[in-house]
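Trainee: Could you have a look at this structure, given as structure tokens, before my questions?
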Amino acid sequence: MTALRKDSVSLVEGEFHFTLEDFKRLAAIMHADAGIALPESKATLVYSRLAKRLRTLGLESFRDYCALVAGSEGADERVQMLAALTTNVTRFFREPHHFEHMKQHVLPPLMEVARRGGRVRLWSAACSSGQEPYSMAMTVLSLMPEAGQYDLKILATDIDPNMVAAGRAGLYRQEHLDGVSQEQLRKFFIPVGPDKYQASEALQDLVAFRELNLIGPWPMKGDFQVIMCRNVVIYFDEETQARVWPRFAACLEGNGRLYIGHSERLNGPAVDLFEPEAITTYRRNARRP
């Protein structure tokens, strides 16, 4: 009876009844769909973010919402739920040591590859609203202003279609441009109204935005020389992390680099597939398959 009473009590005080059973059902869907692990301590966050969806849909309880997203007719709402529950904290040149390392040690030889007619690909995995891939593009253009003339592209992917659309639009308010110097602002952004800037054509030409679920199929063809996947795998459980890291290794060319978030660590088979090179920066072990 104790378990039954616990499951029937609302976890959060508010206008909608939200039980432990409701939370567990939603957490299971998030884990299955996106690999994201939601501990019970996140119940208040889940409630606050999804209560807006219940109001929009005219639902009376989280039990009704669970029934909707668990059914075949709730596929579109599952996308909305995923967008509501994923964290999209980002900024230009976040963890600047990665961009400095790329500029000093990784990009110069890749620029020569491109100038000789070779293919160069960089990937911003979990790109959020575009600040990371545009920071990569600015770093490239600072070394090679004519990069758009060559076979050099940056793939930017995210599971949230709203973030992909925002990145593709390339519109940012002044408050979101922290980390961008005045010189970079002048060179790479166009004022389009009070307190709003548009990413330049030179930036947008280098970056292609696509939707991608990191635990789903990866349809990309060809290898990458650089992958940034930062501050997202930390939301996966250890088993899911151990499956994802080797997939990045398989996508990297030769001794390509992987940049990860400051709170993340490689685990599982990936420990043998990469060699540490700098702060949260790894070189693919070319001796490994």
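Labels used: A, B, ... for chains in the order of the structure tokens, numbers from 1 for residues in each chain, and numbers from 1 for ligands as shown.
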So which residues touch stretch 135-150 of chain A within 9 Å, counting only C-alpha atoms, skipping near sequence neighbours fewer than 5 positions away, as a VMD selection string?
Mentor: chain A and resid 92 to 94 99 to 100 102 to 103 107 to 108 111 114 to 115 117 to 120 122 124 130 180 184 188 202 to 207
Trainee: If we count only C-alpha atoms and set the cut-off at 8 Å, which residues sit around A:Leu266, ignoring sequence neighbours fewer than 2 positions away in its own chain? Please answer as a PyMOL selection string.
Mentor: chain A and resi 241-242+245+264+268+270-271
Trainee: Keeping only N, CA and C atoms, write the selected residues as a PDB file, in the first residue's frame.
Mentor:
ATOM      1  N   GLN A 241      26.744   6.554 -23.118  1.00  0.00           N
ATOM      2  CA  GLN A 241      27.997   7.248 -23.428  1.00  0.00           C
ATOM      3  C   GLN A 241      29.001   6.291 -24.065  1.00  0.00           C
ATOM      4  N   ALA A 242      29.121   5.112 -23.473  1.00  0.00           N
ATOM      5  CA  ALA A 242      30.101   4.137 -23.960  1.00  0.00           C
ATOM      6  C   ALA A 242      29.786   3.669 -25.378  1.00  0.00           C
ATOM      7  N   TRP A 245      30.676   7.331 -27.889  1.00  0.00           N
ATOM      8  CA  TRP A 245      32.051   7.771 -28.147  1.00  0.00           C
ATOM      9  C   TRP A 245      32.720   6.994 -29.287  1.00  0.00           C
ATOM     10  N   GLU A 264      32.953  16.306 -19.094  1.00  0.00           N
ATOM     11  CA  GLU A 264      32.799  14.986 -19.717  1.00  0.00           C
ATOM     12  C   GLU A 264      34.125  14.230 -19.754  1.00  0.00           C
ATOM     13  N   GLY A 268      34.483   3.467 -21.553  1.00  0.00           N
ATOM     14  CA  GLY A 268      34.253   2.292 -22.379  1.00  0.00           C
ATOM     15  C   GLY A 268      35.336   2.088 -23.431  1.00  0.00           C
ATOM     16  N   ALA A 270      36.082   3.620 -26.001  1.00  0.00           N
ATOM     17  CA  ALA A 270      36.691   4.841 -26.544  1.00  0.00           C
ATOM     18  C   ALA A 270      38.014   5.182 -25.878  1.00  0.00           C
ATOM     19  N   VAL A 271      38.235   4.683 -24.671  1.00  0.00           N
ATOM     20  CA  VAL A 271      39.486   4.979 -23.970  1.00  0.00           C
ATOM     21  C   VAL A 271      40.682   4.512 -24.794  1.00  0.00           C
TER      22      VAL A 271
END
Trainee: May I have all residues of stretch 11-234 of chain A that DSSP, computed from the backbone, assigns to strand (DSSP E or B), given as an NGL selection string?
Mentor: :A and (19 or 36 or 120-125 or 152-158 or 171-173 or 189-193 or 196-199 or 207-211 or 224-229)
Trainee: Stretch 53-62 of chain A: which residues within 7 Å, counting only C-alpha atoms, same-chain residues fewer than 2 positions away excluded, as a list in words?
Mentor: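 Contacts, with the query itself left out: Phe16, His17, Phe18, Asp22, Leu50, Ala51, Asp64, Tyr65 and Cys66 of chain A.
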Trainee: Do a neighbour search on stretch 76-91 of chain A at 9 Å with only C-alpha atoms, toss out local chain neighbours closer than 2 positions, and write the hits as a ChimeraX atom specification.
Mentor: /A:29-30,33-34,36,45-46,49-50,53,68-70,73-74,93-94,127-132,159-163,176-179,231-232
Trainee: Calculated over only C-alpha atoms, which of the candidates A:Leu38, A:Met220, A:Ala43, A:Leu20 has the smallest distance to A:Phe236?
Mentor: A:Leu38
Trainee: Can you work out which one of A:Val192, A:Ala199, A:Leu26, A:Ile227 has the shortest atom-to-atom distance to A:Ala156, counting only C-alpha atoms?
Mentor: A:Ile227
Trainee: Report the distance between atom CA of A:Pro219 and atom CA of A:Ile154 in Å, rounded to one decimal place.
Mentor: 15.3 Å
Trainee: Which residues come within 9 Å of A:Arg243, counting only C-alpha atoms, excluding same-chain residues fewer than 3 positions away, as a PyMOL selection string?
Mentor: chain A and resi 215+238-240+246-247+268-270
Trainee: Write the residues of the preceding selection, restricted to N, CA and C atoms, as a short mmCIF file (atom, residue, chain, number, x, y, z; two decimals), in the first residue's frame.
Mentor:
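Contents of result02.cif, as written:
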data_model
loop_
_atom_site.label_atom_id
_atom_site.label_comp_id
_atom_site.auth_asym_id
_atom_site.auth_seq_id
_atom_site.Cartn_x
_atom_site.Cartn_y
_atom_site.Cartn_z
N ILE A 215 21.75 9.13 -30.76
CA ILE A 215 21.62 7.69 -30.51
C ILE A 215 20.86 7.00 -31.64
N GLU A 238 25.95 6.10 -18.40
CA GLU A 238 27.28 5.62 -18.78
C GLU A 238 27.23 4.62 -19.92
N GLU A 239 26.23 3.76 -19.92
CA GLU A 239 26.11 2.76 -20.98
C GLU A 239 25.92 3.43 -22.34
N THR A 240 25.06 4.45 -22.39
CA THR A 240 24.82 5.16 -23.65
C THR A 240 26.07 5.92 -24.07
N PRO A 246 32.63 5.65 -29.33
CA PRO A 246 33.27 4.94 -30.43
C PRO A 246 32.70 5.29 -31.81
N ARG A 247 31.45 5.70 -31.86
CA ARG A 247 30.86 6.09 -33.14
C ARG A 247 31.55 7.34 -33.67
N GLY A 268 34.48 3.47 -21.55
CA GLY A 268 34.25 2.29 -22.38
C GLY A 268 35.34 2.09 -23.43
N PRO A 269 34.98 1.50 -24.57
CA PRO A 269 35.96 1.21 -25.62
C PRO A 269 36.69 2.43 -26.13
N ALA A 270 36.08 3.62 -26.00
CA ALA A 270 36.69 4.84 -26.54
C ALA A 270 38.01 5.18 -25.88
#
